[in-house]
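Engineer: Here's a structure for you.
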Amino acid sequence: MLDELNDSLSIPYNKSKEDVWASLSRQIENKPVKTRRLNYNKVRMVWAAAMIALLVGLGVLLRFYHYTVEAKPGQIANFFLPDGSEVILSAGSEATYYPLWWTYSRKVTLDGEAFFKVQKGKTFSVKSKRGITTVVGTSFDIYARRDNYRVVCYTGKVWVEAQNSKQKIILTPGEKAEINTNGEILFSKTKNPGQYTAWTDNQFVFTSIPVQSVFNEMARRFNVTITFEKPIEGNYTGNFPSDIPVEKALEIVCKPFGLSFEKKAGHTYVIK
Amino acid sequence: MTEREFKQLFDTHFDEIRNYIWYRCGDGDLASDVAQESFAKLWEKRPYNDSSKLRGLLFKMAGDIFISNYRKKNSELKFRTTLTQKFENKTPEEELQYIELKTKYEKALNEMPETQRVVFLMSRHDKKRYKEIAEVTGLGIKAVEKRMSKALQFIREKIQ
């Protein structure tokens with residue numbers, strides 16, 4: 001009944017729909033087109049571009065952010081890489097790695113000398129000027145300075161590759177590889193690999209090393225400057241602790257060669 | 001939006017917008033004005049929303065214009081009905097009965113709370129489904145059902 005009622009009734013409007021449209025048309029004719037304050041498409045594009053730029057920036061950061069650890073002369077620096085691998089840096093050395101990219105690629109750049117204890121995992125490589133050493137899970141010592149490049153394998157397996165000649169070699173515990181300036185790899189076995197990591201225990205161990213190199217290493221470890229009155233020939237073999245006064249250490253090395261030293265200002269010693 | 005699209009929008013939605021305002025105040029002229037104004041405003045803003053949202057926007061704008069107009073007038077707009085009877089063949093008795101009923105009905109609509117009335121008339125006069133009513137008013141379906149049942153109850157009581 002209600003429906004019947006509703007259906008029979010209509011709302012009384014004075015103006016018809018057409019009437020309203022007529023006045024509406026006139027009304028909008030007078031209104032000028034308002035310049036849009038915001039072009040939503042453009043806003044969306046700018047936002048999308050900003051997001052892409054952000055993501056790219058993030059990606060670049062992840063991939064290229066690097067961290068350098070340095071052991072100054074007279075210091076030994078000990079640090080852990082994100083996967084728990086340990087690096088012990090000798091005096092006057094620095095190592096660089098990419099912390100945010102570590103899970104994808106384990107790469108370290110080394111200038112100086114360091115002992116590595118590598119956790120099992122992806123390929124771990126250490127790059128220096130003369131050679132690249134690669135391992136999977138092992139421990140080894142790398143000496144990468146201007147005068148020599150030397151790798152000694154302690155445990156596990158080590159791949160060594162020369163930078164200029166691309167020669168390769170694999171080392172097992174007790175084996176040693178050296179790379180000369182021509183990129184040639186010289187392989188040898190060592191009965192006592194511990195001598196190469198003696199520095200981690202505050203020891204100097206030298207086996208037939210040119211005496212000038214010995215003094216250079218001592219300069220780095222003691223953080224002093226050592227100069228020579230004239231070039232000194234000869235190889236030194238011996239070991240002694242490094243936590244003794246520098247003068248005592250100098251005496252120990254000078255003695256077999258009949259050398260003497262003079263202390264100058266600013267921690268400098270001249271060998272005569 | 002082109003002018004043609006705008007005319008199309010007008011043709012599709014003008015009546016229901018105007019009715020909506022009328023359901024709220026019972027004033028035909030005001031309803032026409034408010035409806036016209038809301039279309040004019042829509043043209044002015046020329047929003048980039050997709051057309052599916054425009055209907056809801058029109059309802060909202062019409063409601064807002066009505067409220068601000070209502071406030072401007074600062075008087076309580078009573079819902080005045082002047083429902084026009086469509087011509088029908090009736091006997092004098094039927095005619096009398098009909099007029100009596102019509103008067104009671106108009107009175108009931110007049111006295112019903114605005115919120116119930118809007119929902120009730122959208123359903124019974126516009127023939128809108130509850131879902132549709134919910135969409136254009138912004139209410140939940142449960143709320144629409146509740147108001148509907150209250151309105152029916154109210155009318156039943158008044159028409160006794």
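So you can find residues: chains in the structure tokens are A, B, ... in the order shown, residues in each start at 1, and ligands are numbered from 1 in order.
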Considering only alpha helix (DSSP H) as DSSP defines it on the backbone, what residues of chain B qualify? List them as an MDAnalysis selection string.

Structural biologist: chainID B and resid 3:25 28:45 51:73 92:111 114:124 130:137 141:159

Engineer: Could you name the residues that touch Ser16 (chain A) at 12 Å or less, counting only C-alpha atoms, but leaving out those on the same chain fewer than 6 positions away, as a PyMOL selection string?

Structural biologist: (chain A and resi 22-23) or (chain B and resi 14-15+18+28-29+31-33+36)

Engineer: If we count only C-alpha atoms, what is near Ala134 (chain B) at a cut-off of 12 Å, once residues fewer than 3 positions away on the same chain are taken out, given as a ChimeraX atom specification?

Structural biologist: /B:56,59,118-119,122-123,128-131,137-148

Engineer: Using only C-alpha atoms, which chain A residues lie at most 6 Å away from chain B, written as a PyMOL selection string?

Structural biologist: chain A and resi 8-11+13

Engineer: Tell me, in Å to one decimal, how far CA of Leu5 (chain A) is from CA of Phe66 (chain B).

Structural biologist: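 That distance, rounded to one decimal, is 27.8 Å.
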
Engineer: Work out how far apart CA of Met61 (chain B) and CA of Glu111 (chain B) are and give it in Å to one decimal.

Structural biologist: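 Interatomic distance here is 25.8 Å.
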
Engineer: Identify, on the basis of only C-alpha atoms, every residue whose closest approach to region 138-153 of chain A does not exceed 10 Å; exclude the query and any residue fewer than 6 positions from it along the same chain; express the result as number ranges by chain.

Structural biologist: A: 85-90, 92-93, 110-120, 124, 126-132, 159-160, 162, 170-181, 183, 185-190, 193-197, 213

Engineer: Please compute the CA of Thr225 (chain A)-CA of Lys72 (chain A) distance, one decimal, in Å.

Structural biologist: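 Computing it gives 13.3 Å between the two atoms.
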
Engineer: I need the residues of region 8-191 of chain A that end up classed as strand (DSSP E) by DSSP on the backbone, written out as number ranges by chain.

Structural biologist: A: 9-10, 67-71, 77-80, 86-89, 93-97, 106-117, 124-127, 131-135, 139-145, 148-155, 158-162, 168-171, 175-179, 185-189

Engineer: Using only C-alpha atoms, which of the listed residues (B:Cys25, B:Ile133, B:Ala62, B:Leu96) sits closest to Leu42 (chain B)?

Structural biologist: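 Selected residue with least distance to Leu42 (chain B): B:Ala62.
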
Engineer: Given the choices B:Ser38, B:Gln160, B:Ser52, B:Thr12, which gets closest to Ala108 (chain B) if the distance is worked out from only C-alpha atoms?

Structural biologist: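 Selected residue with least distance to Ala108 (chain B): B:Gln160.
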
Engineer: Given only C-alpha atoms as the basis, pick out the residue of A:Pro256, A:Asn235, A:Asn6, A:Trp21 nearest to Glu106 (chain B).

Structural biologist: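 Looking at the shortest contact to Glu106 (chain B), the residue is A:Asn6.
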